[in-house]
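Engineer: Contents of run-v2.txt (compact mmCIF, N, CA and C atoms):
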# COMPACT_ATOMS: atom_id res chain seq x y z
N MET A 149 0.84 -1.16 0.00
CA MET A 149 0.00 0.00 0.00
C MET A 149 0.90 1.24 0.00
N THR A 150 0.63 2.17 -0.87
CA THR A 150 1.41 3.40 -0.94
C THR A 150 0.57 4.56 -0.44
N LEU A 151 1.27 5.51 0.16
CA LEU A 151 0.59 6.70 0.66
C LEU A 151 0.68 7.80 -0.38
N ASN A 152 -0.43 8.44 -0.63
CA ASN A 152 -0.44 9.56 -1.56
C ASN A 152 0.02 10.82 -0.83
N PRO A 153 0.81 11.66 -1.49
CA PRO A 153 1.23 12.90 -0.83
C PRO A 153 0.02 13.80 -0.61
N PRO A 154 0.05 14.64 0.43
CA PRO A 154 -1.10 15.51 0.70
C PRO A 154 -1.28 16.53 -0.42
N ARG A 155 -2.54 16.87 -0.67
CA ARG A 155 -2.84 17.87 -1.68
C ARG A 155 -2.50 19.26 -1.15
N THR A 156 -2.10 20.11 -2.03
CA THR A 156 -1.84 21.49 -1.63
C THR A 156 -3.05 22.33 -1.95
N TRP A 157 -3.18 23.41 -1.26
CA TRP A 157 -4.30 24.32 -1.48
C TRP A 157 -4.12 24.98 -2.83
N PRO A 158 -5.15 25.01 -3.65
CA PRO A 158 -4.98 25.50 -5.02
C PRO A 158 -4.57 26.98 -5.10
N TYR A 159 -4.88 27.76 -4.06
CA TYR A 159 -4.55 29.19 -4.12
C TYR A 159 -3.18 29.50 -3.54
N GLY A 160 -2.51 28.49 -3.05
CA GLY A 160 -1.16 28.70 -2.54
C GLY A 160 -1.14 29.07 -1.07
N ARG A 161 0.03 29.05 -0.57
CA ARG A 161 0.24 29.33 0.85
C ARG A 161 0.00 30.78 1.21
N ALA A 162 0.24 31.67 0.30
CA ALA A 162 0.14 33.10 0.60
C ALA A 162 -1.26 33.48 1.08
N VAL A 163 -2.28 32.93 0.48
CA VAL A 163 -3.65 33.26 0.88
C VAL A 163 -3.91 32.73 2.29
N GLY A 164 -3.44 31.54 2.60
CA GLY A 164 -3.62 30.97 3.93
C GLY A 164 -2.91 31.80 4.99
N VAL A 165 -1.70 32.22 4.70
CA VAL A 165 -0.95 33.05 5.63
C VAL A 165 -1.64 34.41 5.81
N LEU A 166 -2.11 34.99 4.72
CA LEU A 166 -2.80 36.27 4.79
C LEU A 166 -4.07 36.15 5.64
N ALA A 167 -4.82 35.08 5.48
CA ALA A 167 -6.03 34.88 6.27
C ALA A 167 -5.69 34.75 7.75
N ALA A 168 -4.62 34.05 8.07
CA ALA A 168 -4.21 33.89 9.47
C ALA A 168 -3.80 35.23 10.07
N VAL A 169 -3.10 36.05 9.32
CA VAL A 169 -2.68 37.37 9.80
C VAL A 169 -3.88 38.26 10.05
N VAL A 170 -4.84 38.26 9.14
CA VAL A 170 -6.04 39.09 9.30
C VAL A 170 -6.84 38.63 10.52
N LEU A 171 -6.99 37.34 10.71
CA LEU A 171 -7.72 36.81 11.86
C LEU A 171 -7.01 37.17 13.15
N PHE A 172 -5.69 37.05 13.18
CA PHE A 172 -4.92 37.39 14.38
C PHE A 172 -5.09 38.88 14.70
N ALA A 173 -4.99 39.72 13.69
CA ALA A 173 -5.11 41.17 13.90
C ALA A 173 -6.51 41.52 14.41
N ALA A 174 -7.53 40.86 13.91
CA ALA A 174 -8.89 41.15 14.36
C ALA A 174 -9.08 40.76 15.82
N CYS A 175 -8.46 39.66 16.23
CA CYS A 175 -8.58 39.22 17.62
C CYS A 175 -7.80 40.11 18.57
N ARG A 176 -6.73 40.73 18.11
CA ARG A 176 -5.88 41.55 18.95
C ARG A 176 -6.28 43.02 18.95
N ALA A 177 -7.22 43.40 18.12
CA ALA A 177 -7.59 44.82 18.03
C ALA A 177 -8.19 45.29 19.34
N PRO A 178 -7.76 46.46 19.85
CA PRO A 178 -8.32 46.98 21.09
C PRO A 178 -9.82 47.16 20.97
N GLY A 179 -10.52 46.75 22.03
CA GLY A 179 -11.96 46.91 22.05
C GLY A 179 -12.70 45.91 21.19
N SER A 180 -12.00 44.87 20.65
CA SER A 180 -12.68 43.92 19.79
C SER A 180 -13.49 42.90 20.57
N GLY A 181 -13.24 42.80 21.87
CA GLY A 181 -13.98 41.85 22.68
C GLY A 181 -14.82 42.56 23.71
N ALA A 182 -15.38 41.77 24.63
CA ALA A 182 -16.22 42.35 25.67
C ALA A 182 -15.36 43.07 26.70
N GLN A 183 -14.10 42.68 26.84
CA GLN A 183 -13.20 43.29 27.80
C GLN A 183 -12.57 44.52 27.17
N GLY A 184 -12.01 45.39 28.00
CA GLY A 184 -11.33 46.58 27.51
C GLY A 184 -9.95 46.24 26.99
N ALA A 185 -9.20 47.28 26.65
CA ALA A 185 -7.87 47.09 26.08
C ALA A 185 -6.90 46.51 27.08
N SER A 186 -7.19 46.60 28.38
CA SER A 186 -6.29 46.07 29.39
C SER A 186 -6.48 44.56 29.61
N ALA A 187 -7.53 43.98 29.03
CA ALA A 187 -7.80 42.55 29.24
C ALA A 187 -6.65 41.64 28.81
N PRO A 188 -5.93 41.92 27.72
CA PRO A 188 -4.81 41.03 27.38
C PRO A 188 -3.70 41.03 28.44
N LYS A 189 -3.71 42.01 29.33
CA LYS A 189 -2.72 42.05 30.40
C LYS A 189 -3.14 41.24 31.62
N ILE A 190 -4.32 40.65 31.59
CA ILE A 190 -4.85 39.93 32.75
C ILE A 190 -4.95 38.45 32.41
N ALA A 191 -4.34 37.61 33.25
CA ALA A 191 -4.37 36.17 33.03
C ALA A 191 -5.81 35.67 33.01
N SER A 192 -6.06 34.66 32.19
CA SER A 192 -7.43 34.15 32.03
C SER A 192 -7.98 33.60 33.34
N ALA A 193 -7.14 33.03 34.19
CA ALA A 193 -7.62 32.50 35.47
C ALA A 193 -8.21 33.61 36.33
N LEU A 194 -7.58 34.79 36.32
CA LEU A 194 -8.11 35.93 37.06
C LEU A 194 -9.39 36.45 36.41
N GLN A 195 -9.38 36.55 35.09
CA GLN A 195 -10.57 37.03 34.36
C GLN A 195 -11.78 36.15 34.64
N GLN A 196 -11.57 34.84 34.65
CA GLN A 196 -12.68 33.91 34.86
C GLN A 196 -13.30 34.08 36.24
N VAL A 197 -12.47 34.27 37.26
CA VAL A 197 -13.00 34.47 38.62
C VAL A 197 -13.80 35.76 38.68
N VAL A 198 -13.26 36.83 38.13
CA VAL A 198 -13.96 38.12 38.15
C VAL A 198 -15.27 38.03 37.37
N GLN A 199 -15.25 37.38 36.22
CA GLN A 199 -16.48 37.24 35.43
C GLN A 199 -17.55 36.46 36.19
N ARG A 200 -17.14 35.40 36.91
CA ARG A 200 -18.11 34.63 37.72
C ARG A 200 -18.69 35.50 38.82
N MET A 201 -17.83 36.29 39.48
CA MET A 201 -18.30 37.16 40.55
C MET A 201 -19.30 38.18 40.02
N GLN A 202 -18.97 38.80 38.88
CA GLN A 202 -19.86 39.80 38.30
C GLN A 202 -21.16 39.17 37.80
N ALA A 203 -21.07 37.99 37.22
CA ALA A 203 -22.28 37.30 36.73
C ALA A 203 -23.22 36.95 37.87
N ASP A 204 -22.65 36.70 39.04
CA ASP A 204 -23.47 36.37 40.21
C ASP A 204 -23.95 37.61 40.95
N GLY A 205 -23.67 38.79 40.40
CA GLY A 205 -24.20 40.02 40.97
C GLY A 205 -23.37 40.65 42.07
N LEU A 206 -22.12 40.26 42.23
CA LEU A 206 -21.29 40.89 43.24
C LEU A 206 -20.89 42.29 42.78
N THR A 207 -20.98 43.23 43.69
CA THR A 207 -20.58 44.62 43.44
C THR A 207 -19.74 45.07 44.63
N PRO A 208 -19.05 46.18 44.50
CA PRO A 208 -18.29 46.68 45.66
C PRO A 208 -19.20 46.93 46.87
N ALA A 209 -20.44 47.26 46.64
CA ALA A 209 -21.36 47.56 47.74
C ALA A 209 -21.83 46.32 48.48
N ASN A 210 -21.97 45.18 47.79
CA ASN A 210 -22.52 43.99 48.45
C ASN A 210 -21.54 42.85 48.63
N VAL A 211 -20.30 43.06 48.25
CA VAL A 211 -19.34 41.95 48.22
C VAL A 211 -19.11 41.33 49.60
N ALA A 212 -19.06 42.12 50.64
CA ALA A 212 -18.77 41.58 51.98
C ALA A 212 -19.88 40.64 52.47
N ALA A 213 -21.10 40.88 52.04
CA ALA A 213 -22.23 40.05 52.49
C ALA A 213 -22.42 38.81 51.62
N ARG A 214 -21.65 38.65 50.54
CA ARG A 214 -21.89 37.57 49.58
C ARG A 214 -20.85 36.44 49.61
N GLN A 215 -20.01 36.39 50.63
CA GLN A 215 -18.99 35.34 50.79
C GLN A 215 -18.10 35.20 49.54
N PRO A 216 -17.38 36.23 49.19
CA PRO A 216 -16.55 36.18 47.98
C PRO A 216 -15.42 35.16 48.04
N GLU A 217 -14.99 34.76 49.24
CA GLU A 217 -13.91 33.76 49.32
C GLU A 217 -14.33 32.43 48.71
N ALA A 218 -15.62 32.21 48.55
CA ALA A 218 -16.12 30.99 47.91
C ALA A 218 -15.73 30.93 46.43
N TYR A 219 -15.33 32.06 45.85
CA TYR A 219 -14.92 32.10 44.45
C TYR A 219 -13.45 31.73 44.25
N SER A 220 -12.75 31.46 45.34
CA SER A 220 -11.35 31.03 45.23
C SER A 220 -11.26 29.73 44.45
N THR A 221 -10.16 29.60 43.72
CA THR A 221 -9.88 28.38 42.95
C THR A 221 -8.50 27.90 43.36
N PRO A 222 -8.06 26.75 42.86
CA PRO A 222 -6.69 26.33 43.17
C PRO A 222 -5.63 27.33 42.68
N LEU A 223 -5.96 28.15 41.69
CA LEU A 223 -4.99 29.13 41.16
C LEU A 223 -5.19 30.53 41.71
N VAL A 224 -6.42 30.89 42.06
CA VAL A 224 -6.74 32.26 42.44
C VAL A 224 -7.34 32.28 43.85
N ARG A 225 -6.75 33.10 44.71
CA ARG A 225 -7.29 33.27 46.06
C ARG A 225 -8.09 34.56 46.14
N VAL A 226 -9.26 34.45 46.77
CA VAL A 226 -10.14 35.60 46.98
C VAL A 226 -10.38 35.71 48.48
N ASP A 227 -10.22 36.91 49.05
CA ASP A 227 -10.43 37.07 50.49
C ASP A 227 -11.87 37.49 50.79
N ALA A 228 -12.17 37.70 52.06
CA ALA A 228 -13.54 38.00 52.50
C ALA A 228 -14.03 39.37 52.03
N GLN A 229 -13.13 40.25 51.59
CA GLN A 229 -13.53 41.56 51.09
C GLN A 229 -13.62 41.61 49.56
N GLY A 230 -13.40 40.48 48.89
CA GLY A 230 -13.47 40.44 47.44
C GLY A 230 -12.19 40.84 46.74
N ASN A 231 -11.07 40.82 47.47
CA ASN A 231 -9.77 41.12 46.87
C ASN A 231 -9.15 39.84 46.34
N LEU A 232 -8.51 39.93 45.18
CA LEU A 232 -7.82 38.79 44.59
C LEU A 232 -6.32 38.93 44.83
N GLU A 233 -5.67 37.84 45.17
CA GLU A 233 -4.22 37.87 45.32
C GLU A 233 -3.62 37.80 43.92
N VAL A 234 -2.79 38.80 43.60
CA VAL A 234 -2.31 38.97 42.24
C VAL A 234 -0.80 39.22 42.25
N ALA A 235 -0.11 38.62 41.27
CA ALA A 235 1.28 38.95 41.00
C ALA A 235 1.26 39.93 39.84
N ILE A 236 1.81 41.12 40.08
CA ILE A 236 1.81 42.17 39.07
C ILE A 236 3.22 42.29 38.51
N VAL A 237 3.37 41.96 37.23
CA VAL A 237 4.66 42.08 36.55
C VAL A 237 4.74 43.49 35.98
N VAL A 238 5.81 44.22 36.35
CA VAL A 238 5.94 45.62 35.96
C VAL A 238 7.21 45.84 35.15
N THR A 239 7.25 46.97 34.43
CA THR A 239 8.46 47.33 33.68
C THR A 239 9.47 48.01 34.58
N ALA A 240 8.99 48.74 35.57
CA ALA A 240 9.86 49.42 36.52
C ALA A 240 9.14 49.48 37.86
N LEU A 241 9.91 49.33 38.93
CA LEU A 241 9.31 49.34 40.26
C LEU A 241 9.99 50.43 41.08
N ASP A 242 9.26 51.53 41.26
CA ASP A 242 9.76 52.64 42.06
C ASP A 242 8.63 53.15 42.94
N GLU A 243 8.89 54.22 43.68
CA GLU A 243 7.88 54.77 44.59
C GLU A 243 6.63 55.24 43.84
N ALA A 244 6.83 55.80 42.66
CA ALA A 244 5.68 56.27 41.88
C ALA A 244 4.79 55.11 41.46
N ALA A 245 5.39 53.99 41.09
CA ALA A 245 4.61 52.82 40.70
C ALA A 245 3.82 52.28 41.89
N VAL A 246 4.46 52.20 43.04
CA VAL A 246 3.78 51.72 44.25
C VAL A 246 2.62 52.66 44.60
N ALA A 247 2.85 53.96 44.51
CA ALA A 247 1.79 54.93 44.81
C ALA A 247 0.63 54.80 43.83
N ALA A 248 0.92 54.58 42.56
CA ALA A 248 -0.14 54.42 41.56
C ALA A 248 -0.96 53.16 41.84
N LEU A 249 -0.31 52.08 42.25
CA LEU A 249 -1.03 50.85 42.59
C LEU A 249 -1.91 51.07 43.82
N GLN A 250 -1.36 51.72 44.83
CA GLN A 250 -2.13 51.97 46.05
C GLN A 250 -3.30 52.91 45.79
N ALA A 251 -3.13 53.84 44.85
CA ALA A 251 -4.23 54.74 44.49
C ALA A 251 -5.39 53.98 43.86
N ARG A 252 -5.11 52.81 43.32
CA ARG A 252 -6.15 51.96 42.73
C ARG A 252 -6.58 50.86 43.70
N GLN A 253 -6.34 51.08 44.98
CA GLN A 253 -6.77 50.23 46.08
C GLN A 253 -6.04 48.90 46.17
N ALA A 254 -4.89 48.78 45.53
CA ALA A 254 -4.09 47.56 45.67
C ALA A 254 -3.41 47.59 47.03
N ARG A 255 -3.54 46.51 47.77
CA ARG A 255 -2.89 46.38 49.07
C ARG A 255 -1.60 45.57 48.85
N ILE A 256 -0.46 46.23 48.91
CA ILE A 256 0.83 45.61 48.61
C ILE A 256 1.19 44.62 49.71
N ALA A 257 1.50 43.39 49.31
CA ALA A 257 1.92 42.36 50.26
C ALA A 257 3.44 42.18 50.22
N ARG A 258 4.02 42.29 49.03
CA ARG A 258 5.47 42.09 48.89
C ARG A 258 5.96 42.75 47.61
N LEU A 259 7.14 43.36 47.71
CA LEU A 259 7.79 43.95 46.55
C LEU A 259 9.04 43.14 46.24
N ALA A 260 9.25 42.83 44.97
CA ALA A 260 10.45 42.11 44.53
C ALA A 260 11.04 42.91 43.36
N PRO A 261 11.78 44.00 43.67
CA PRO A 261 12.29 44.86 42.60
C PRO A 261 13.23 44.14 41.64
N GLU A 262 14.02 43.20 42.13
CA GLU A 262 14.95 42.48 41.25
C GLU A 262 14.22 41.62 40.23
N GLN A 263 13.01 41.22 40.54
CA GLN A 263 12.19 40.43 39.61
C GLN A 263 11.14 41.29 38.91
N ARG A 264 11.10 42.56 39.26
CA ARG A 264 10.06 43.48 38.74
C ARG A 264 8.67 42.90 38.97
N LEU A 265 8.44 42.55 40.23
CA LEU A 265 7.21 41.86 40.60
C LEU A 265 6.64 42.47 41.87
N VAL A 266 5.33 42.65 41.89
CA VAL A 266 4.61 43.13 43.06
C VAL A 266 3.55 42.09 43.39
N LEU A 267 3.54 41.62 44.63
CA LEU A 267 2.45 40.76 45.08
C LEU A 267 1.49 41.64 45.85
N ALA A 268 0.23 41.61 45.46
CA ALA A 268 -0.76 42.50 46.07
C ALA A 268 -2.13 41.86 46.09
N TRP A 269 -2.98 42.39 46.96
CA TRP A 269 -4.39 42.04 46.99
C TRP A 269 -5.14 43.19 46.31
N VAL A 270 -5.85 42.88 45.23
CA VAL A 270 -6.53 43.90 44.43
C VAL A 270 -8.03 43.62 44.44
N PRO A 271 -8.86 44.64 44.71
CA PRO A 271 -10.31 44.43 44.64
C PRO A 271 -10.71 43.93 43.25
N PHE A 272 -11.66 43.01 43.21
CA PHE A 272 -12.04 42.37 41.94
C PHE A 272 -12.47 43.39 40.89
N HIS A 273 -13.09 44.47 41.31
CA HIS A 273 -13.57 45.47 40.37
C HIS A 273 -12.49 46.47 39.95
N ARG A 274 -11.26 46.32 40.45
CA ARG A 274 -10.17 47.24 40.12
C ARG A 274 -9.06 46.59 39.28
N LEU A 275 -9.23 45.32 38.90
CA LEU A 275 -8.17 44.63 38.14
C LEU A 275 -7.87 45.35 36.82
N GLU A 276 -8.90 45.74 36.10
CA GLU A 276 -8.67 46.41 34.81
C GLU A 276 -8.00 47.76 35.00
N ALA A 277 -8.34 48.48 36.06
CA ALA A 277 -7.70 49.78 36.33
C ALA A 277 -6.21 49.59 36.61
N VAL A 278 -5.87 48.54 37.34
CA VAL A 278 -4.46 48.25 37.61
C VAL A 278 -3.76 47.83 36.33
N ALA A 279 -4.39 46.97 35.55
CA ALA A 279 -3.78 46.50 34.29
C ALA A 279 -3.58 47.64 33.29
N ALA A 280 -4.40 48.66 33.36
CA ALA A 280 -4.30 49.77 32.42
C ALA A 280 -3.13 50.71 32.70
N LEU A 281 -2.50 50.56 33.85
CA LEU A 281 -1.35 51.42 34.17
C LEU A 281 -0.24 51.16 33.15
N PRO A 282 0.45 52.21 32.71
CA PRO A 282 1.45 52.05 31.64
C PRO A 282 2.65 51.19 32.03
N PHE A 283 2.97 51.12 33.31
CA PHE A 283 4.14 50.33 33.73
C PHE A 283 3.80 48.88 34.03
N VAL A 284 2.52 48.52 33.97
CA VAL A 284 2.10 47.13 34.25
C VAL A 284 2.18 46.33 32.96
N ARG A 285 2.92 45.21 33.03
CA ARG A 285 3.03 44.34 31.87
C ARG A 285 1.98 43.25 31.89
N PHE A 286 1.72 42.67 33.10
CA PHE A 286 0.81 41.52 33.15
C PHE A 286 0.36 41.29 34.59
N LEU A 287 -0.88 40.84 34.76
CA LEU A 287 -1.42 40.41 36.05
C LEU A 287 -1.65 38.91 35.97
N ARG A 288 -1.14 38.19 36.95
CA ARG A 288 -1.32 36.74 36.98
C ARG A 288 -1.48 36.30 38.43
N PRO A 289 -1.98 35.08 38.63
CA PRO A 289 -2.02 34.57 40.00
C PRO A 289 -0.59 34.31 40.48
N PRO A 290 -0.34 34.47 41.78
CA PRO A 290 0.99 34.15 42.30
C PRO A 290 1.26 32.66 42.19
N SER A 291 2.52 32.30 42.25
CA SER A 291 2.89 30.89 42.28
C SER A 291 2.86 30.44 43.74
N TYR A 292 2.06 29.44 44.02
CA TYR A 292 1.94 28.96 45.40
C TYR A 292 2.77 27.69 45.57
N ALA A 293 3.24 27.49 46.79
CA ALA A 293 3.98 26.26 47.09
C ALA A 293 3.03 25.06 47.02
N VAL A 294 3.56 23.93 46.59
CA VAL A 294 2.77 22.71 46.49
C VAL A 294 3.29 21.71 47.49
N HIS A 295 2.41 21.23 48.36
CA HIS A 295 2.78 20.22 49.35
C HIS A 295 2.67 18.84 48.75
N ARG A 296 3.67 18.01 49.03
CA ARG A 296 3.63 16.64 48.51
C ARG A 296 3.40 15.65 49.59
Spell out the structure here as structure tokens.
Structural biologist:
Amino acid sequence: MTLNPPRTWPYGRAVGVLAAVVLFAACRAPGSGAQGASAPKIASALQQVVQRMQADGLTPANVAARQPEAYSTPLVRVDAQGNLEVAIVVTALDEAAVAALQARQARIARLAPEQRLVLAWVPFHRLEAVAALPFVRFLRPPSYAVHR
């Protein structure tokens, strides 16, 4: 039994590559999704927790009465006030950056300037405001120790 070589697309590779580029550009365009332009800076695990909280009707006004810690996952911790524990990857870490984070209600837990990393508790409704800061590269869940 012999194997036939795969058929090539009659229009050539260029059209396929062009289609992939256009699709990629459309997905990356600011404001193309339901989230704002800062959403690509937020890890999906954090986004999913916030979306669940918002879908269930949690707001800054009622969060304390709604047991927000129940929204914690193995990757994302949520405290009783609706704050998420977040690792904030920054381009530069100085006093101005810390002040800007605190102005957005981030409660700083640890600074690691050599790693350009801030560990903080951020209110669920303020993640996008923190991600929109120009010196913030990415928001992700912290790495937790694993017990064996």
Engineer: May I ask for the distance between atom N of A:Leu265 and atom N of A:Asp242, given in Å to one decimal place?
Structural biologist: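 About the pair atom N of A:Leu265 and atom N of A:Asp242: they are 9.1 Å apart.
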Engineer: Nearest to A:Thr221: which of A:Val284, A:Ala191, A:Val197, A:Val246 is it, counting only N, CA and C atoms?
Structural biologist: A:Val197
Engineer: Ranking A:Gln250, A:Pro222, A:Leu232, A:Arg288 by minimum distance to A:Ala268 and counting all atoms listed in the file, which one comes first?
Structural biologist: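 Smallest distance to A:Ala268 is found for A:Leu232.
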Engineer: Report, in Å to a single decimal, how far apart atom CA of A:Arg252 and atom CA of A:Pro208 are.
Structural biologist: 13.6 Å
Engineer: Which polymer residues, protein or nucleic acid, are no farther than 7 Å from (-7.6, 42.7, 33.3), counting all atoms listed in the file, as a list in words?
Structural biologist: Ser186, Ala187, Pro188, Lys189, Ile190, Ala191, Gln195, Leu275, Glu276, Ala277, Ala279 and Ala280 of chain A
Engineer: Just to be explicit: take each residue in the selection above, keep N, CA and C atoms, and write the result as a short mmCIF file (atom, residue, chain, number, x, y, z; two decimals), in the frame of the given file.
Structural biologist:
data_model
loop_
_atom_site.label_atom_id
_atom_site.label_comp_id
_atom_site.auth_asym_id
_atom_site.auth_seq_id
_atom_site.Cartn_x
_atom_site.Cartn_y
_atom_site.Cartn_z
N SER A 186 -7.19 46.60 28.38
CA SER A 186 -6.29 46.07 29.39
C SER A 186 -6.48 44.56 29.61
N ALA A 187 -7.53 43.98 29.03
CA ALA A 187 -7.80 42.55 29.24
C ALA A 187 -6.65 41.64 28.81
N PRO A 188 -5.93 41.92 27.72
CA PRO A 188 -4.81 41.03 27.38
C PRO A 188 -3.70 41.03 28.44
N LYS A 189 -3.71 42.01 29.33
CA LYS A 189 -2.72 42.05 30.40
C LYS A 189 -3.14 41.24 31.62
N ILE A 190 -4.32 40.65 31.59
CA ILE A 190 -4.85 39.93 32.75
C ILE A 190 -4.95 38.45 32.41
N ALA A 191 -4.34 37.61 33.25
CA ALA A 191 -4.37 36.17 33.03
C ALA A 191 -5.81 35.67 33.01
N GLN A 195 -9.38 36.55 35.09
CA GLN A 195 -10.57 37.03 34.36
C GLN A 195 -11.78 36.15 34.64
N LEU A 275 -9.23 45.32 38.90
CA LEU A 275 -8.17 44.63 38.14
C LEU A 275 -7.87 45.35 36.82
N GLU A 276 -8.90 45.74 36.10
CA GLU A 276 -8.67 46.41 34.81
C GLU A 276 -8.00 47.76 35.00
N ALA A 277 -8.34 48.48 36.06
CA ALA A 277 -7.70 49.78 36.33
C ALA A 277 -6.21 49.59 36.61
N ALA A 279 -4.39 46.97 35.55
CA ALA A 279 -3.78 46.50 34.29
C ALA A 279 -3.58 47.64 33.29
N ALA A 280 -4.40 48.66 33.36
CA ALA A 280 -4.30 49.77 32.42
C ALA A 280 -3.13 50.71 32.70
#
Engineer: Could you state the separation of atom CA of A:Thr207 and atom CA of A:His273 in Å, given to one decimal place?
Structural biologist: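 Taking atom CA of A:Thr207 as the start and atom CA of A:His273 as the end point, the length is 7.7 Å.
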Engineer: Leaving out A:Leu267 and any residue of its chain fewer than 6 positions from it, which residues lie within 8 Å of it when counting all atoms listed in the file, given as a PDB file with N, CA and C atoms, keeping the file's coordinate frame?
Structural biologist:
ATOM      1  N   GLU A 233      -5.670  37.840  45.170  1.00  0.00           N
ATOM      2  CA  GLU A 233      -4.220  37.870  45.320  1.00  0.00           C
ATOM      3  C   GLU A 233      -3.620  37.800  43.920  1.00  0.00           C
ATOM      4  N   VAL A 234      -2.790  38.800  43.600  1.00  0.00           N
ATOM      5  CA  VAL A 234      -2.310  38.970  42.240  1.00  0.00           C
ATOM      6  C   VAL A 234      -0.800  39.220  42.250  1.00  0.00           C
ATOM      7  N   ALA A 235      -0.110  38.620  41.270  1.00  0.00           N
ATOM      8  CA  ALA A 235       1.280  38.950  41.000  1.00  0.00           C
ATOM      9  C   ALA A 235       1.260  39.930  39.840  1.00  0.00           C
ATOM     10  N   ILE A 236       1.810  41.120  40.080  1.00  0.00           N
ATOM     11  CA  ILE A 236       1.810  42.170  39.070  1.00  0.00           C
ATOM     12  C   ILE A 236       3.220  42.290  38.510  1.00  0.00           C
ATOM     13  N   VAL A 237       3.370  41.960  37.230  1.00  0.00           N
ATOM     14  CA  VAL A 237       4.660  42.080  36.550  1.00  0.00           C
ATOM     15  C   VAL A 237       4.740  43.490  35.980  1.00  0.00           C
ATOM     16  N   ALA A 254      -4.890  48.780  45.530  1.00  0.00           N
ATOM     17  CA  ALA A 254      -4.090  47.560  45.670  1.00  0.00           C
ATOM     18  C   ALA A 254      -3.410  47.590  47.030  1.00  0.00           C
ATOM     19  N   ARG A 255      -3.540  46.510  47.770  1.00  0.00           N
ATOM     20  CA  ARG A 255      -2.890  46.380  49.070  1.00  0.00           C
ATOM     21  C   ARG A 255      -1.600  45.570  48.850  1.00  0.00           C
ATOM     22  N   ILE A 256      -0.460  46.230  48.910  1.00  0.00           N
ATOM     23  CA  ILE A 256       0.830  45.610  48.610  1.00  0.00           C
ATOM     24  C   ILE A 256       1.190  44.620  49.710  1.00  0.00           C
ATOM     25  N   ALA A 257       1.500  43.390  49.310  1.00  0.00           N
ATOM     26  CA  ALA A 257       1.920  42.360  50.260  1.00  0.00           C
ATOM     27  C   ALA A 257       3.440  42.180  50.220  1.00  0.00           C
ATOM     28  N   ARG A 258       4.020  42.290  49.030  1.00  0.00           N
ATOM     29  CA  ARG A 258       5.470  42.090  48.890  1.00  0.00           C
ATOM     30  C   ARG A 258       5.960  42.750  47.610  1.00  0.00           C
ATOM     31  N   LEU A 259       7.140  43.360  47.710  1.00  0.00           N
ATOM     32  CA  LEU A 259       7.790  43.950  46.550  1.00  0.00           C
ATOM     33  C   LEU A 259       9.040  43.140  46.240  1.00  0.00           C
ATOM     34  N   ALA A 260       9.250  42.830  44.970  1.00  0.00           N
ATOM     35  CA  ALA A 260      10.450  42.110  44.530  1.00  0.00           C
ATOM     36  C   ALA A 260      11.040  42.910  43.360  1.00  0.00           C
ATOM     37  N   PRO A 290      -0.340  34.470  41.780  1.00  0.00           N
ATOM     38  CA  PRO A 290       0.990  34.150  42.300  1.00  0.00           C
ATOM     39  C   PRO A 290       1.260  32.660  42.190  1.00  0.00           C
TER      40      PRO A 290
END
